[in-house]
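start-v6.cif follows; it contains mmCIF, C-alpha atoms.
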```cif
data_model
loop_
_atom_site.group_PDB
_atom_site.id
_atom_site.type_symbol
_atom_site.label_atom_id
_atom_site.label_comp_id
_atom_site.auth_asym_id
_atom_site.auth_seq_id
_atom_site.Cartn_x
_atom_site.Cartn_y
_atom_site.Cartn_z
ATOM 1 C CA VAL A 1 -55.535 -150.595 25.095
ATOM 2 C CA PHE A 2 -58.999 -151.296 26.469
ATOM 3 C CA TYR A 3 -59.720 -151.532 30.179
ATOM 4 C CA ASN A 4 -62.538 -153.185 31.970
ATOM 5 C CA ILE A 5 -64.091 -150.373 34.044
ATOM 6 C CA LYS A 6 -64.188 -152.504 37.204
ATOM 7 C CA THR A 7 -60.520 -153.463 36.764
ATOM 8 C CA LEU A 8 -59.580 -149.823 36.215
ATOM 9 C CA GLN A 9 -61.587 -148.758 39.278
ATOM 10 C CA THR A 10 -59.865 -151.398 41.408
ATOM 11 C CA ALA A 11 -56.434 -150.282 40.206
ATOM 12 C CA CYS A 12 -57.214 -146.624 40.914
ATOM 13 C CA GLU A 13 -58.574 -147.463 44.361
ATOM 14 C CA ALA A 14 -55.376 -149.370 45.187
ATOM 15 C CA ILE A 15 -53.243 -146.361 44.258
ATOM 16 C CA LEU A 16 -55.447 -143.904 46.137
ATOM 17 C CA ARG A 17 -55.509 -146.148 49.197
ATOM 18 C CA LEU A 18 -51.721 -145.833 49.422
ATOM 19 C CA ALA A 19 -51.937 -142.053 49.104
ATOM 20 C CA ILE A 20 -54.354 -141.369 51.988
ATOM 21 C CA ASP A 21 -52.978 -138.788 54.407
ATOM 22 C CA GLU A 22 -54.147 -136.132 56.872
ATOM 23 C CA GLU A 23 -54.593 -133.582 54.107
ATOM 24 C CA ASN A 24 -56.751 -135.628 51.734
ATOM 25 C CA CYS A 25 -58.577 -138.221 53.856
ATOM 26 C CA ILE A 26 -61.776 -136.196 54.317
ATOM 27 C CA ASN A 27 -62.007 -135.243 50.646
ATOM 28 C CA LEU A 28 -61.253 -138.821 49.652
ATOM 29 C CA LEU A 29 -63.952 -140.089 52.038
ATOM 30 C CA VAL A 30 -66.617 -137.761 50.650
ATOM 31 C CA THR A 31 -65.674 -138.475 47.028
ATOM 32 C CA ALA A 32 -65.476 -142.232 47.600
ATOM 33 C CA ASP A 33 -68.936 -142.151 49.136
ATOM 34 C CA GLN A 34 -70.342 -140.339 46.105
ATOM 35 C CA TYR A 35 -69.026 -143.108 43.847
ATOM 36 C CA ASN A 36 -69.842 -146.023 46.183
ATOM 37 C CA SER A 37 -66.177 -146.909 46.392
ATOM 38 C CA ARG A 38 -64.560 -149.286 48.849
ATOM 39 C CA LEU A 39 -62.221 -146.410 49.627
ATOM 40 C CA VAL A 40 -64.856 -145.193 52.084
ATOM 41 C CA TYR A 41 -63.763 -147.884 54.523
ATOM 42 C CA TYR A 42 -60.053 -147.189 54.059
ATOM 43 C CA ALA A 43 -60.621 -143.465 54.564
ATOM 44 C CA ILE A 44 -62.728 -144.049 57.680
ATOM 45 C CA ASN A 45 -60.092 -146.339 59.168
ATOM 46 C CA TYR A 46 -57.421 -143.744 58.446
ATOM 47 C CA ILE A 47 -59.504 -140.982 60.011
ATOM 48 C CA VAL A 48 -60.109 -143.086 63.119
ATOM 49 C CA ASP A 49 -56.407 -143.998 63.402
ATOM 50 C CA TYR A 50 -55.353 -140.347 63.115
ATOM 51 C CA TYR A 51 -58.419 -138.751 64.642
ATOM 52 C CA HIS A 52 -56.408 -136.713 67.139
ATOM 53 C CA ILE A 53 -54.545 -134.992 64.275
ATOM 54 C CA ILE A 54 -57.424 -134.623 61.831
ATOM 55 C CA SER A 55 -59.936 -133.347 64.385
ATOM 56 C CA SER A 56 -57.549 -130.625 65.532
ATOM 57 C CA LYS A 57 -57.998 -128.773 62.236
ATOM 58 C CA PRO A 58 -60.741 -126.127 62.178
ATOM 59 C CA ASP A 59 -63.836 -127.313 60.348
ATOM 60 C CA ALA A 60 -62.177 -130.667 59.628
ATOM 61 C CA PHE A 61 -65.494 -132.455 59.248
ATOM 62 C CA LYS A 62 -67.651 -129.724 57.690
ATOM 63 C CA GLU A 63 -67.892 -131.587 54.351
ATOM 64 C CA VAL A 64 -68.760 -134.921 55.978
ATOM 65 C CA ASN A 65 -72.428 -135.845 55.893
ATOM 66 C CA GLU A 66 -74.274 -137.295 58.882
ATOM 67 C CA LYS A 67 -74.136 -140.884 57.583
ATOM 68 C CA LEU A 68 -70.340 -140.810 57.166
ATOM 69 C CA MET A 69 -69.823 -139.025 60.490
ATOM 70 C CA LYS A 70 -71.833 -141.726 62.222
ATOM 71 C CA MET A 71 -69.647 -144.372 60.570
ATOM 72 C CA ILE A 72 -66.544 -142.585 61.889
ATOM 73 C CA VAL A 73 -67.927 -142.137 65.409
ATOM 74 C CA ASP A 74 -69.035 -145.774 65.524
ATOM 75 C CA LYS A 75 -65.439 -146.883 64.883
ATOM 76 C CA LEU A 76 -63.836 -144.596 67.452
ATOM 77 C CA PRO A 77 -62.765 -146.124 70.758
ATOM 78 C CA VAL A 78 -65.567 -146.045 73.326
ATOM 79 C CA VAL A 79 -63.936 -143.375 75.514
ATOM 80 C CA MET A 80 -63.454 -141.009 72.580
ATOM 81 C CA ASP A 81 -66.891 -141.872 71.240
ATOM 82 C CA ARG A 82 -68.644 -140.601 74.365
ATOM 83 C CA ASN A 83 -66.666 -137.363 74.361
ATOM 84 C CA ILE A 84 -67.264 -136.381 70.747
ATOM 85 C CA ALA A 85 -70.432 -138.028 69.525
ATOM 86 C CA HIS A 86 -72.618 -135.191 70.776
ATOM 87 C CA LYS A 87 -70.635 -132.657 68.696
ATOM 88 C CA TYR A 88 -71.345 -134.245 65.354
ATOM 89 C CA ILE A 89 -74.558 -136.206 65.568
#
```
Can the structure from this file be put into structure tokens for me?
Amino acid sequence: VFYNIKTLQTACEAILRLAIDEENCINLLVTADQYNSRLVYYAINYIVDYYHIISSKPDAFKEVNEKLMKMIVDKLPVVMDRNIAHKYI
């Protein structure tokens, strides 16, 4: 069986999108960014939705580069944004 790479990538992204959780969202975000995957946006949305849980873990964002952290902060609600932006950017 031969697969078109783009079709295979899309199928894998769909499966990974369903598997995003508090434990893997940061790793998935960083990896998706390395491969220019649309999963970046799904991971960011997940991180924003569950920010209160994810940010409570020590060093939760240590692997996240400045560009991705800015994307996360930009999506956070305005009240949260003001309180945390100075910590990461």
Would you list the contacts of segment 38-54 of chain A as a list in words, taking every protein, DNA or RNA residue within 9 Å and counting only C-alpha atoms, but skipping same-chain residues closer than 4 positions in sequence?
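Listing them by chain and then by number gives Glu13, Ala14, Leu16, Arg17, Ile20, Asp21, Glu22, Glu23, Cys25, Ile26, Leu28, Leu29, Val30, Thr31, Ala32, Asp33, Ala60, Phe61, Leu68, Met71, Ile72, Val73, Lys75, Leu76 and Pro77 of chain A.
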Mind giving me the axis-aligned box for segment 21-29 of chain A with 6 Å on every side, centre plus edges in Å to one decimal, as AutoDock Vina command-line options?
```
--center_x -58.5 --center_y -136.8 --center_z 53.3 --size_x 23.0 --size_y 18.5 --size_z 19.2
```
For a test of reading the model, state the distance in Å between atom CA of Lys70 of chain A and atom CA of Leu8 of chain A, rounded to one decimal.
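The value is 29.9 Å.
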What is the atom CA of Asn24 of chain A to atom CA of Asn36 of chain A distance in Å?
17.6 Å
So the first atom is atom CA of Asn27 of chain A and the second is atom CA of Thr10 of chain A; what is the distance between them in Å, to one decimal place?
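Spanning atom CA of Asn27 of chain A to atom CA of Thr10 of chain A is a straight-line distance of 18.7 Å.
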